[in-house]
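Have a look at data24.txt below; it lists compact mmCIF, C-alpha atoms (C1' of nucleotides).
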# COMPACT_ATOMS: atom_id res chain seq x y z
CA MET A 20 8.55 32.50 -4.03
CA GLY A 21 9.80 30.14 -6.65
CA ARG A 22 13.47 30.04 -7.32
CA TRP A 23 15.06 27.42 -9.58
CA GLU A 24 12.73 26.22 -12.32
CA PRO A 25 9.28 27.33 -11.20
CA ASN A 26 6.15 25.22 -10.81
CA ALA A 27 7.87 22.13 -9.46
CA ARG A 28 4.58 21.00 -7.99
CA ASP A 29 2.75 21.31 -11.30
CA ARG A 30 5.50 19.48 -13.13
CA LEU A 31 5.29 16.62 -10.67
CA GLN A 32 1.52 16.38 -11.07
CA ARG A 33 1.78 16.35 -14.84
CA ALA A 34 4.56 13.79 -14.88
CA ALA A 35 2.69 11.53 -12.48
CA LEU A 36 -0.57 11.61 -14.45
CA GLU A 37 1.27 10.87 -17.69
CA LEU A 38 3.24 7.97 -16.26
CA TYR A 39 0.30 6.51 -14.34
CA GLY A 40 -1.73 6.71 -17.52
CA SER A 41 0.77 5.14 -19.86
CA ARG A 42 2.63 2.67 -17.66
CA GLY A 43 0.12 2.11 -14.90
CA TYR A 44 0.20 3.28 -11.29
CA GLU A 45 1.94 0.28 -9.78
CA GLN A 46 4.51 0.05 -12.53
CA THR A 47 5.55 3.65 -11.98
CA THR A 48 8.10 4.53 -9.31
CA VAL A 49 8.27 7.85 -7.54
CA ALA A 50 11.87 8.19 -8.68
CA GLU A 51 10.68 8.02 -12.30
CA ILE A 52 8.07 10.71 -11.73
CA ALA A 53 10.63 12.95 -10.10
CA ALA A 54 13.16 12.37 -12.85
CA ARG A 55 10.61 13.26 -15.53
CA ALA A 56 9.92 16.48 -13.65
CA GLY A 57 13.65 17.20 -13.35
CA LEU A 58 13.65 16.67 -9.61
CA THR A 59 14.59 14.03 -7.07
CA GLU A 60 12.48 11.51 -5.20
CA ARG A 61 12.99 13.37 -1.93
CA THR A 62 11.54 16.54 -3.40
CA PHE A 63 8.45 14.66 -4.58
CA PHE A 64 7.71 13.71 -0.98
CA ARG A 65 8.16 17.30 0.13
CA HIS A 66 5.30 18.31 -2.18
CA PHE A 67 3.02 15.30 -1.75
CA ALA A 68 2.49 13.13 1.29
CA ASP A 69 2.59 9.92 -0.71
CA LYS A 70 2.49 8.40 -4.17
CA ARG A 71 -1.31 8.67 -4.39
CA GLU A 72 -1.76 12.21 -3.16
CA VAL A 73 -0.21 13.72 -6.29
CA LEU A 74 -3.47 13.03 -8.14
CA PHE A 75 -5.69 14.70 -5.54
CA ALA A 76 -4.23 18.18 -5.23
CA GLY A 77 -7.40 19.93 -6.41
CA SER A 78 -9.80 18.19 -4.08
CA SER A 79 -9.42 20.70 -1.28
CA GLN A 80 -10.32 23.52 -3.67
CA LEU A 81 -13.54 21.76 -4.61
CA GLU A 82 -14.27 21.21 -0.95
CA GLU A 83 -13.80 24.89 -0.13
CA LEU A 84 -15.99 25.89 -3.05
CA LEU A 85 -18.82 23.62 -1.99
CA VAL A 86 -18.59 24.51 1.69
CA LYS A 87 -18.76 28.17 0.76
CA ALA A 88 -21.77 27.50 -1.45
CA VAL A 89 -23.53 25.80 1.47
CA ALA A 90 -22.70 28.66 3.79
CA ASP A 91 -23.91 31.26 1.31
CA ALA A 92 -27.09 29.46 0.30
CA PRO A 93 -30.31 31.45 0.72
CA ALA A 94 -32.32 30.85 3.87
CA GLY A 95 -35.48 28.78 3.83
CA LEU A 96 -34.08 25.90 1.82
CA THR A 97 -34.31 22.35 3.10
CA PRO A 98 -30.98 20.62 3.90
CA MET A 99 -31.21 18.62 0.68
CA GLY A 100 -32.08 21.79 -1.21
CA VAL A 101 -28.97 23.49 0.12
CA ILE A 102 -26.81 20.56 -0.95
CA MET A 103 -28.31 20.34 -4.42
CA ASN A 104 -27.85 24.08 -4.80
CA ALA A 105 -24.21 23.79 -3.78
CA PHE A 106 -23.46 21.03 -6.25
CA ASP A 107 -24.95 23.13 -9.01
CA THR A 108 -22.06 25.53 -8.51
CA ALA A 109 -19.68 22.58 -8.66
CA GLY A 110 -20.81 22.01 -12.21
CA GLU A 111 -18.98 25.19 -13.19
CA TYR A 112 -15.83 23.93 -11.49
CA PHE A 113 -15.53 21.28 -14.22
CA PRO A 114 -15.90 23.14 -17.49
CA ASP A 115 -14.03 20.62 -19.61
CA VAL A 116 -14.27 16.86 -19.48
CA THR A 117 -10.93 15.88 -20.98
CA TYR A 118 -8.68 16.30 -17.96
CA PRO A 119 -11.16 14.82 -15.47
CA ARG A 120 -11.70 11.94 -17.86
CA ALA A 121 -7.99 11.13 -18.07
CA ARG A 122 -7.60 11.43 -14.31
CA ASN A 123 -10.67 9.29 -13.69
CA ALA A 124 -9.42 6.55 -16.00
CA VAL A 125 -6.21 6.31 -14.00
CA ILE A 126 -8.00 6.29 -10.66
CA THR A 127 -10.63 3.72 -11.53
CA ALA A 128 -7.92 1.44 -12.92
CA ASN A 129 -6.26 1.04 -9.52
CA PRO A 130 -7.82 0.01 -6.20
CA GLU A 131 -5.34 1.99 -4.11
CA LEU A 132 -6.23 5.15 -5.98
CA MET A 133 -9.93 4.38 -5.63
CA GLU A 134 -9.41 4.12 -1.89
CA ARG A 135 -7.92 7.57 -1.81
CA GLU A 136 -10.74 8.94 -3.95
CA LEU A 137 -13.31 7.52 -1.55
CA ARG A 138 -11.44 9.03 1.38
CA LYS A 139 -11.48 12.45 -0.27
CA LEU A 140 -15.21 12.14 -0.93
CA ALA A 141 -15.82 11.08 2.66
CA ARG A 142 -13.90 14.12 3.81
CA LEU A 143 -15.97 16.27 1.48
CA ALA A 144 -19.19 14.86 2.90
CA SER A 145 -17.98 15.50 6.42
CA ALA A 146 -17.12 19.11 5.57
CA LEU A 147 -20.51 19.67 3.95
CA ALA A 148 -22.28 18.17 6.95
CA GLY A 149 -20.33 20.55 9.15
CA ALA A 150 -21.37 23.49 7.01
CA LEU A 151 -25.00 22.40 7.26
CA GLY A 152 -24.60 22.16 11.02
CA VAL A 153 -23.53 25.80 11.11
CA ARG A 154 -26.83 26.64 9.40
CA GLY A 155 -28.69 24.97 12.24
CA VAL A 156 -29.40 21.63 10.61
CA SER A 157 -29.44 18.73 13.05
CA GLU A 158 -26.41 16.48 12.96
CA ALA A 159 -28.31 13.47 11.66
CA ASP A 160 -30.00 15.40 8.88
CA ALA A 161 -26.75 17.13 8.00
CA ILE A 162 -24.86 13.87 7.63
CA PHE A 163 -27.50 12.22 5.49
CA ALA A 164 -28.03 15.25 3.26
CA ALA A 165 -24.29 15.70 2.76
CA GLU A 166 -23.63 12.02 2.13
CA ALA A 167 -26.59 11.72 -0.21
CA GLY A 168 -25.33 14.75 -2.12
CA VAL A 169 -21.86 13.29 -2.46
CA LEU A 170 -23.40 10.01 -3.62
CA ALA A 171 -25.40 11.77 -6.32
CA PHE A 172 -22.32 13.72 -7.31
CA ARG A 173 -20.19 10.61 -7.50
CA VAL A 174 -22.64 8.83 -9.78
CA ALA A 175 -23.12 11.94 -11.89
CA PHE A 176 -19.40 12.40 -12.25
CA SER A 177 -18.97 8.82 -13.32
CA ARG A 178 -21.73 9.16 -15.90
CA TRP A 179 -20.32 12.46 -17.11
CA VAL A 180 -16.79 11.23 -17.82
CA SER A 181 -17.94 8.00 -19.43
CA ASP A 182 -20.48 9.67 -21.69
CA ASP A 183 -19.61 10.71 -25.21
CA SER A 184 -22.39 13.21 -25.71
CA ASP A 185 -20.50 15.97 -23.87
CA LYS A 186 -23.50 17.02 -21.84
CA PRO A 187 -22.58 19.62 -19.22
CA LEU A 188 -21.98 18.17 -15.77
CA ILE A 189 -24.75 20.21 -14.22
CA SER A 190 -27.47 18.54 -16.26
CA VAL A 191 -26.15 15.10 -15.39
CA LEU A 192 -26.06 16.18 -11.75
CA ARG A 193 -29.71 17.24 -11.73
CA ARG A 194 -30.73 13.98 -13.30
CA SER A 195 -28.67 12.10 -10.73
CA PHE A 196 -30.28 13.88 -7.79
CA ALA A 197 -33.73 13.20 -9.22
CA ASP A 198 -32.95 9.50 -9.66
CA LEU A 199 -31.67 9.24 -6.11
CA GLN A 200 -34.77 10.90 -4.71
CA ASN A 201 -37.08 8.65 -6.65
CA VAL A 202 -35.33 5.46 -5.62
CA VAL A 203 -34.97 6.35 -1.95
CA ALA A 204 -38.60 7.47 -1.75
CA GLY A 205 -39.82 4.02 -2.84
CA ILE A 206 -40.73 1.79 0.08
CA MET B 10 -5.64 -28.94 6.76
CA GLY B 11 -3.94 -27.49 9.80
CA ARG B 12 -0.60 -28.92 10.75
CA TRP B 13 1.67 -27.13 13.25
CA GLU B 14 -0.18 -24.95 15.72
CA PRO B 15 -3.63 -24.55 14.23
CA ASN B 16 -5.52 -21.31 13.53
CA ALA B 17 -2.53 -19.30 12.43
CA ARG B 18 -4.87 -16.93 10.66
CA ASP B 19 -6.98 -16.33 13.74
CA ARG B 20 -3.90 -15.78 15.88
CA LEU B 21 -2.65 -13.18 13.45
CA GLN B 22 -5.97 -11.35 13.46
CA ARG B 23 -6.12 -11.33 17.23
CA ALA B 24 -2.53 -10.18 17.62
CA ALA B 25 -3.04 -7.41 15.07
CA LEU B 26 -6.20 -6.06 16.69
CA GLU B 27 -4.55 -6.06 20.11
CA LEU B 28 -1.41 -4.30 18.94
CA TYR B 29 -3.25 -1.81 16.73
CA GLY B 30 -5.48 -1.03 19.69
CA SER B 31 -2.79 -0.60 22.31
CA ARG B 32 0.13 0.79 20.36
CA GLY B 33 -1.62 2.27 17.35
CA TYR B 34 -1.67 1.07 13.76
CA GLU B 35 1.33 3.02 12.49
CA GLN B 36 3.47 2.22 15.52
CA THR B 37 2.91 -1.49 14.99
CA THR B 38 5.12 -3.41 12.58
CA VAL B 39 4.06 -6.54 10.78
CA ALA B 40 7.04 -8.36 12.28
CA GLU B 41 5.69 -7.59 15.76
CA ILE B 42 2.25 -8.95 14.89
CA ALA B 43 3.77 -12.12 13.48
CA ALA B 44 6.04 -12.57 16.50
CA ARG B 45 3.10 -12.22 18.90
CA ALA B 46 1.29 -14.91 16.90
CA GLY B 47 4.37 -17.13 16.98
CA LEU B 48 4.97 -16.76 13.25
CA THR B 49 7.18 -14.86 10.87
CA GLU B 50 6.52 -11.73 8.85
CA ARG B 51 6.54 -13.74 5.62
CA THR B 52 3.73 -15.95 6.89
CA PHE B 53 1.64 -12.91 7.75
CA PHE B 54 1.73 -11.84 4.12
CA ARG B 55 0.73 -15.32 3.02
CA HIS B 56 -2.51 -14.96 4.98
CA PHE B 57 -3.25 -11.30 4.35
CA ALA B 58 -2.49 -9.20 1.31
CA ASP B 59 -1.25 -6.26 3.35
CA LYS B 60 -1.04 -4.75 6.82
CA ARG B 61 -4.61 -3.39 6.63
CA GLU B 62 -6.38 -6.44 5.31
CA VAL B 63 -5.93 -8.36 8.56
CA LEU B 64 -8.77 -6.30 10.05
CA PHE B 65 -11.22 -6.96 7.21
CA ALA B 66 -11.36 -10.72 6.97
CA GLY B 67 -15.07 -10.93 7.79
CA SER B 68 -16.26 -8.39 5.26
CA SER B 69 -16.70 -10.89 2.46
CA GLN B 70 -18.96 -13.01 4.68
CA LEU B 71 -21.20 -10.02 5.33
CA GLU B 72 -21.25 -9.29 1.62
CA GLU B 73 -22.31 -12.83 0.77
CA LEU B 74 -25.00 -12.74 3.42
CA LEU B 75 -26.48 -9.50 2.13
CA VAL B 76 -26.26 -10.49 -1.52
CA LYS B 77 -28.09 -13.71 -0.70
CA ALA B 78 -30.74 -11.75 1.20
CA VAL B 79 -31.28 -9.54 -1.85
CA ALA B 80 -31.52 -12.54 -4.13
CA ASP B 81 -33.98 -14.32 -1.83
CA ALA B 82 -36.18 -11.30 -1.13
CA PRO B 83 -39.87 -11.72 -1.93
CA ALA B 84 -41.08 -10.41 -5.25
CA GLY B 85 -43.04 -7.20 -5.50
CA LEU B 86 -40.79 -5.13 -3.29
CA THR B 87 -39.33 -1.85 -4.50
CA PRO B 88 -35.53 -1.74 -4.91
CA MET B 89 -35.21 0.26 -1.69
CA GLY B 90 -37.52 -2.21 0.02
CA VAL B 91 -35.32 -5.10 -1.01
CA ILE B 92 -32.25 -3.34 0.32
CA MET B 93 -33.86 -2.43 3.63
CA ASN B 94 -35.06 -5.99 3.98
CA ALA B 95 -31.58 -7.31 3.34
CA PHE B 96 -29.97 -5.08 5.95
CA ASP B 97 -32.49 -6.29 8.49
CA THR B 98 -30.86 -9.69 8.23
CA ALA B 99 -27.49 -8.03 8.70
CA GLY B 100 -28.61 -6.97 12.13
CA GLU B 101 -28.42 -10.60 13.22
CA TYR B 102 -24.89 -10.83 11.87
CA PHE B 103 -23.76 -8.51 14.67
CA PRO B 104 -25.22 -9.97 17.86
CA ASP B 105 -22.68 -8.43 20.22
CA VAL B 106 -21.29 -4.92 20.12
CA THR B 107 -18.02 -5.41 21.99
CA TYR B 108 -15.86 -6.81 19.21
CA PRO B 109 -17.21 -4.48 16.50
CA ARG B 110 -16.71 -1.59 18.88
CA ALA B 111 -13.05 -2.41 19.50
CA ARG B 112 -12.46 -2.94 15.80
CA ASN B 113 -14.24 0.26 14.92
CA ALA B 114 -12.20 2.28 17.38
CA VAL B 115 -9.00 1.08 15.75
CA ILE B 116 -10.25 1.78 12.24
CA THR B 117 -11.61 5.25 12.87
CA ALA B 118 -8.36 6.20 14.58
CA ASN B 119 -6.35 5.76 11.39
CA PRO B 120 -6.97 7.27 7.94
CA GLU B 121 -5.36 4.36 6.09
CA LEU B 122 -7.69 1.93 7.78
CA MET B 123 -10.65 4.19 7.07
CA GLU B 124 -9.69 4.11 3.40
CA ARG B 125 -9.81 0.34 3.40
CA GLU B 126 -13.14 0.37 5.22
CA LEU B 127 -14.60 2.68 2.60
CA ARG B 128 -13.27 0.44 -0.16
CA LYS B 129 -14.94 -2.57 1.41
CA LEU B 130 -18.22 -0.70 1.69
CA ALA B 131 -17.95 0.42 -1.92
CA ARG B 132 -17.42 -3.16 -2.94
CA LEU B 133 -20.43 -4.17 -0.88
CA ALA B 134 -22.57 -1.55 -2.59
CA SER B 135 -21.40 -2.74 -5.97
CA ALA B 136 -22.26 -6.33 -5.12
CA LEU B 137 -25.70 -5.35 -3.87
CA ALA B 138 -26.35 -3.32 -7.01
CA GLY B 139 -25.40 -6.36 -9.05
CA ALA B 140 -27.82 -8.52 -7.09
CA LEU B 141 -30.57 -5.98 -7.68
CA GLY B 142 -29.72 -6.03 -11.37
CA VAL B 143 -30.31 -9.78 -11.43
CA ARG B 144 -33.80 -9.08 -10.09
CA GLY B 145 -34.46 -6.84 -13.08
CA VAL B 146 -33.86 -3.49 -11.45
CA SER B 147 -32.39 -0.90 -13.83
CA GLU B 148 -28.72 -0.16 -13.37
CA ALA B 149 -29.26 3.41 -12.20
CA ASP B 150 -31.91 2.44 -9.66
CA ALA B 151 -29.82 -0.49 -8.49
CA ILE B 152 -26.77 1.66 -7.85
CA PHE B 153 -28.65 4.33 -5.96
CA ALA B 154 -30.64 1.87 -3.86
CA ALA B 155 -27.54 -0.13 -2.98
CA GLU B 156 -25.43 2.93 -2.21
CA ALA B 157 -28.20 4.51 -0.18
CA GLY B 158 -28.56 1.30 1.77
CA VAL B 159 -24.85 1.15 2.50
CA LEU B 160 -24.96 4.78 3.56
CA ALA B 161 -27.80 4.11 6.00
CA PHE B 162 -25.95 1.05 7.27
CA ARG B 163 -22.73 2.97 7.75
CA VAL B 164 -24.40 5.68 9.80
CA ALA B 165 -26.38 3.11 11.77
CA PHE B 166 -23.26 1.12 12.51
CA SER B 167 -21.45 4.22 13.69
CA ARG B 168 -24.35 5.13 15.97
CA TRP B 169 -24.61 1.58 17.25
CA VAL B 170 -20.99 1.20 18.34
CA SER B 171 -20.82 4.67 19.89
CA ASP B 172 -24.03 4.30 21.84
CA ASP B 173 -24.04 3.07 25.42
CA SER B 174 -27.67 2.01 25.59
CA ASP B 175 -26.95 -1.33 23.88
CA LYS B 176 -29.88 -1.06 21.53
CA PRO B 177 -29.91 -3.87 18.96
CA LEU B 178 -28.40 -2.90 15.63
CA ILE B 179 -31.61 -3.59 13.76
CA SER B 180 -33.55 -0.88 15.54
CA VAL B 181 -30.81 1.66 14.89
CA LEU B 182 -30.81 0.54 11.26
CA ARG B 183 -34.53 1.14 10.82
CA ARG B 184 -34.22 4.57 12.35
CA SER B 185 -31.31 5.32 10.05
CA PHE B 186 -33.22 4.34 6.92
CA ALA B 187 -36.17 6.45 8.01
CA ASP B 188 -33.93 9.47 8.61
CA LEU B 189 -32.32 9.07 5.23
CA GLN B 190 -35.66 8.86 3.46
CA ASN B 191 -36.98 11.93 5.23
CA VAL B 192 -33.94 14.05 4.45
CA VAL B 193 -33.63 13.02 0.82
CA ALA B 194 -37.33 13.55 0.22
CA GLY B 195 -37.08 17.21 1.25
CA ILE B 196 -36.60 19.54 -1.69
C1' DC C 13 29.00 42.21 -0.41
C1' DT C 14 27.06 39.57 3.28
C1' DC C 15 23.50 37.36 5.70
C1' DC C 16 19.32 34.99 5.75
C1' DT C 17 15.55 32.23 3.96
C1' DG C 18 13.67 28.54 1.67
C1' DA C 19 13.62 25.00 -1.97
C1' DT C 20 16.29 21.33 -3.38
C1' DG C 21 19.98 17.53 -3.27
C1' DT C 22 22.35 13.71 -0.85
C1' DC C 23 22.47 9.88 1.98
C1' DA C 24 21.32 6.56 5.40
C1' DG C 25 17.80 3.96 7.40
C1' DT C 26 13.13 1.72 8.44
C1' DT C 27 9.17 -0.66 6.95
C1' DC C 28 6.13 -2.78 3.68
C1' DC C 29 5.82 -6.28 0.54
C1' DT C 30 7.50 -10.02 -2.89
C1' DG C 31 10.11 -13.84 -5.10
C1' DT C 32 12.64 -17.95 -4.31
C1' DC C 33 14.20 -21.84 -2.23
C1' DA C 34 14.63 -24.86 1.91
C1' DT C 35 12.46 -27.33 5.79
C1' DG C 36 9.55 -30.12 8.26
C1' DA C 37 5.04 -31.95 9.71
C1' DC C 38 1.22 -34.68 8.32
C1' DC C 39 -1.07 -37.98 5.14
C1' DG C 40 -1.67 -41.91 2.10
C1' DT C 41 0.10 -46.03 0.46
C1' DA C 42 2.87 -50.06 0.10
C1' DT D 13 7.36 -49.51 9.20
C1' DA D 14 9.11 -46.99 5.33
C1' DC D 15 8.62 -43.77 1.83
C1' DG D 16 7.07 -40.17 -1.07
C1' DG D 17 3.81 -36.22 -1.76
C1' DT D 18 1.70 -32.07 -0.19
C1' DC D 19 1.56 -27.82 1.88
C1' DA D 20 2.16 -24.42 5.59
C1' DT D 21 5.97 -22.25 7.24
C1' DG D 22 10.95 -20.44 7.68
C1' DA D 23 14.98 -18.14 5.82
C1' DC D 24 16.93 -14.92 2.87
C1' DA D 25 17.54 -11.38 -0.59
C1' DG D 26 15.79 -7.41 -2.67
C1' DG D 27 12.79 -3.55 -4.51
C1' DA D 28 10.15 0.41 -3.53
C1' DA D 29 7.76 3.68 -0.39
C1' DC D 30 8.66 6.86 2.84
C1' DT D 31 11.46 9.67 6.65
C1' DG D 32 15.07 12.19 9.17
C1' DA D 33 19.34 14.76 9.11
C1' DC D 34 22.45 17.55 7.00
C1' DA D 35 24.50 19.99 2.98
C1' DT D 36 23.92 23.15 -0.90
C1' DC D 37 22.56 26.79 -3.59
C1' DA D 38 19.63 30.67 -5.59
C1' DG D 39 17.81 35.02 -4.64
C1' DG D 40 16.22 38.87 -1.68
C1' DA D 41 17.12 42.27 2.30
C1' DG D 42 20.25 45.08 4.48

Starting from the coordinates I provided, produce the structure as C-alpha cells.
Amino acid sequence: MGRWEPNARDRLQRAALELYGSRGYEQTTVAEIAARAGLTERTFFRHFADKREVLFAGSSQLEELLVKAVADAPAGLTPMGVIMNAFDTAGEYFPDVTYPRARNAVITANPELMERELRKLARLASALAGALGVRGVSEADAIFAAEAGVLAFRVAFSRWVSDDSDKPLISVLRRSFADLQNVVAGI
Amino acid sequence: MGRWEPNARDRLQRAALELYGSRGYEQTTVAEIAARAGLTERTFFRHFADKREVLFAGSSQLEELLVKAVADAPAGLTPMGVIMNAFDTAGEYFPDVTYPRARNAVITANPELMERELRKLARLASALAGALGVRGVSEADAIFAAEAGVLAFRVAFSRWVSDDSDKPLISVLRRSFADLQNVVAGI
DNA sequence: CTCCTGATGTCAGTTCCTGTCATGACCGTA
DNA sequence: TACGGTCATGACAGGAACTGACATCAGGAG
C-alpha cells in the first residue's frame, strides 16, 4: 500500500487540527497544512474533498457502528429503545475526552465547520432511520426516533466535552435521553 | 433609499433561484446571476455574504416571528406547549406552497445548500431556546424543547412541500408534533 | 531488469470572495 | 440653478479554494 512516507492521510489530519486550533480555521491555508505534513496542496485534495472534510474523517466509522448496533438490536424493542440502545454502544467509541474536546473547540469556533458537523449528523440520522426501516419501523416513526436520538446525542456530546468532571459519555447520554423524553412528553 | 433600478436585492434573489433551479447550483456562477439581474458580481457580494446566502434571506424574519410568539405565549404552558403554540403561528407565515416548494427543491438537490439550511435551523433553535430561557425555563429543557420543535417543523415542512393534497401547513405541523411525541415517549 | 501500478508533484485554469478606489445618481441646501 | 454630500454600484487587482491534465517516481510482479 503505502510507499513514500506512510500515513500521509493521518499526517494531514494532525497538521490541520493543530493549525486550525492555533491559528484559526480561516487563517489557515490548505498549502500550509500540506507543507506541515510534508506534502503539496494538490495531494491534500486527493485525500479530502475540501478544507473542512479533513476534520470529519471518523464520522463514517461512527455511522457504521451505530447502524450495525441498530441492525443487531434485540427484537421487541420500541424504535426509541433501539436508538437509545445503539447510542449506548457509541459511548464506548469515545473512551477519552481530550481529542474530541480539542476537535470540538475548533469546530464550534467556526460557522463553516459547524455547518459540516450538522450535515454529518443529518446524514447519521438518515442512516439510522434507514436501519430502523429495515427492522419494519414505519418511515415516520423511524425518522423521528433517529432524529431525536441524534439530538440527544448532540446535546450529550456537547455537555460531555465542556464538563470538567470527566464523567463517561454514556452516563451523560442516558441523562440526555431522559431529559428529552421528559420535555417532549409535556403538553 | 433606492436610486438606479430599484429592488436590486430582489432581482438577485429571483435570478439566483431561477438559475439554480434550471441549471443547478454548482453549474451557476455568481457572475451569471448578477448579469441576469443587470448587476455585477461585486454588487452581488455586497447584498449577500456568499453564493448560498441569497436563498436564505427570509429566514431571519421567520426567526423573529417565532421568537416573538414564544415571548408572547400565555403563561402556564409547558415549554413544549409554548413551542408548539409558536409554530402554529408559523403556519400562517407560509400561505402558499409554490414558492417554498421551488426553493426546497433547489436546496435539497445540493449538499452545500442543505448545510446552510441546517445552519439556519440550528440558529433558529438556539434563538427559540433563548426565548424560552427568558420565560424562566431551565437551559436544558429550553434546548430540548426548541430543538424538538425545530425537528417537528423540519419534518412537517418536508411533508408539506412534497405532498400534492395542498393541506395547510398547520395541520401537517400538528400531526408532526403528535408523531414526535408518540415516538419519543416509547421506551 | 523491465513493466506496471499507484501515490505524489507540477502547472494552468476557474470560481468564490475581498479590498480599494472611481463613478454617477439622488438629495438637501443655498 | 448650482453645488456638495451620500451611497449604491462599477472597475480592477488579488488571494485562496478547488480541479483537470500530465509528469514523475517508488516498489512489487514477472

Kindly provide the residues of chain D that approach chain A to within 9 Å, each paired with its closest atom pair and their distance in Å to one decimal, based on all atoms listed in the file, listed by chain and increasing number, as a tab-separated table.
residue	atom	partner	partner_atom	distance
D:DA28	C1'	A:Thr48	CA	7.4
D:DA29	C1'	A:Lys70	CA	8.0
D:DC30	C1'	A:Asp69	CA	7.7
D:DA38	C1'	A:Arg22	CA	6.4
D:DG39	C1'	A:Arg22	CA	7.1

Who sits within 12 Å of A:Leu199, all atoms listed in the file, same chain under 2 positions skipped, as a tab-separated table (two decimals) with C-alpha atoms, keeping the file's coordinate frame:
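As written to disk, around12.tsv reads:
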chain	number	residue	atom	x	y	z
A	99	MET	CA	-31.21	18.62	0.68
A	103	MET	CA	-28.31	20.34	-4.42
A	164	ALA	CA	-28.03	15.25	3.26
A	166	GLU	CA	-23.63	12.02	2.13
A	167	ALA	CA	-26.59	11.72	-0.21
A	168	GLY	CA	-25.33	14.75	-2.12
A	169	VAL	CA	-21.86	13.29	-2.46
A	170	LEU	CA	-23.40	10.01	-3.62
A	171	ALA	CA	-25.40	11.77	-6.32
A	172	PHE	CA	-22.32	13.72	-7.31
A	173	ARG	CA	-20.19	10.61	-7.50
A	174	VAL	CA	-22.64	8.83	-9.78
A	175	ALA	CA	-23.12	11.94	-11.89
A	192	LEU	CA	-26.06	16.18	-11.75
A	193	ARG	CA	-29.71	17.24	-11.73
A	194	ARG	CA	-30.73	13.98	-13.30
A	195	SER	CA	-28.67	12.10	-10.73
A	196	PHE	CA	-30.28	13.88	-7.79
A	197	ALA	CA	-33.73	13.20	-9.22
A	201	ASN	CA	-37.08	8.65	-6.65
A	202	VAL	CA	-35.33	5.46	-5.62
A	203	VAL	CA	-34.97	6.35	-1.95
A	204	ALA	CA	-38.60	7.47	-1.75
A	205	GLY	CA	-39.82	4.02	-2.84
B	88	PRO	CA	-35.53	-1.74	-4.91
B	89	MET	CA	-35.21	0.26	-1.69
B	149	ALA	CA	-29.26	3.41	-12.20
B	150	ASP	CA	-31.91	2.44	-9.66
B	151	ALA	CA	-29.82	-0.49	-8.49
B	152	ILE	CA	-26.77	1.66	-7.85
B	153	PHE	CA	-28.65	4.33	-5.96
B	154	ALA	CA	-30.64	1.87	-3.86
B	155	ALA	CA	-27.54	-0.13	-2.98
B	156	GLU	CA	-25.43	2.93	-2.21
B	157	ALA	CA	-28.20	4.51	-0.18
B	158	GLY	CA	-28.56	1.30	1.77
B	189	LEU	CA	-32.32	9.07	5.23
B	190	GLN	CA	-35.66	8.86	3.46
B	192	VAL	CA	-33.94	14.05	4.45
B	193	VAL	CA	-33.63	13.02	0.82
B	194	ALA	CA	-37.33	13.55	0.22

In terms of only C-alpha atoms (C1' of nucleotides), the residue from C:DT14, C:DT32, C:DT20, C:DT26 at minimal distance from D:DG26 is C:DT32

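Comparing the minimum interatomic distances between chain B and each of C:DC28, C:DC23, C:DC15, C:DA42, counting only C-alpha atoms (C1' of nucleotides), we find that C:DC28 sits nearest.
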
Note to self: Just want the 12 Å neighbourhood of A:Glu72, counted on all atoms listed in the file, with same-chain residues fewer than 6 positions away dropped. Output as an MDAnalysis selection string.
What the structure shows: chainID A and resid 28 31:32 35:36 49 63:66 78:79 126 131:136 138:139

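With atom C1' of C:DG21 on one side and atom CA of A:Phe67 on the other, the separation reads 17.2 Å.
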
Neighbour residues at most 9 Å from (18.1, 14.0, 6.0) (all atoms listed in the file) as a PyMOL selection string: (chain C and resi 22-24) or (chain D and resi 31-34)

Residue completion, stretch 17-27 of chain B, N, CA and C atoms, as a short mmCIF file (atom, residue, chain, number, x, y, z; two decimals), in the frame of the given file:
data_model
loop_
_atom_site.label_atom_id
_atom_site.label_comp_id
_atom_site.auth_asym_id
_atom_site.auth_seq_id
_atom_site.Cartn_x
_atom_site.Cartn_y
_atom_site.Cartn_z
N ALA B 17 -3.52 -20.36 12.60
CA ALA B 17 -2.53 -19.30 12.43
C ALA B 17 -3.21 -18.00 12.01
N ARG B 18 -4.18 -18.11 11.13
CA ARG B 18 -4.87 -16.93 10.66
C ARG B 18 -5.59 -16.19 11.78
N ASP B 19 -6.29 -16.94 12.61
CA ASP B 19 -6.98 -16.33 13.74
C ASP B 19 -5.99 -15.67 14.69
N ARG B 20 -4.90 -16.35 14.96
CA ARG B 20 -3.90 -15.78 15.88
C ARG B 20 -3.35 -14.46 15.34
N LEU B 21 -3.14 -14.42 14.05
CA LEU B 21 -2.65 -13.18 13.45
C LEU B 21 -3.67 -12.05 13.59
N GLN B 22 -4.93 -12.38 13.34
CA GLN B 22 -5.97 -11.35 13.46
C GLN B 22 -6.06 -10.83 14.89
N ARG B 23 -6.03 -11.75 15.84
CA ARG B 23 -6.12 -11.33 17.23
C ARG B 23 -4.93 -10.46 17.62
N ALA B 24 -3.75 -10.92 17.26
CA ALA B 24 -2.53 -10.18 17.62
C ALA B 24 -2.56 -8.79 17.00
N ALA B 25 -3.01 -8.71 15.75
CA ALA B 25 -3.04 -7.41 15.07
C ALA B 25 -4.00 -6.45 15.76
N LEU B 26 -5.21 -6.94 16.05
CA LEU B 26 -6.20 -6.06 16.69
C LEU B 26 -5.69 -5.56 18.04
N GLU B 27 -5.06 -6.46 18.80
CA GLU B 27 -4.55 -6.06 20.11
C GLU B 27 -3.45 -5.00 19.98
#
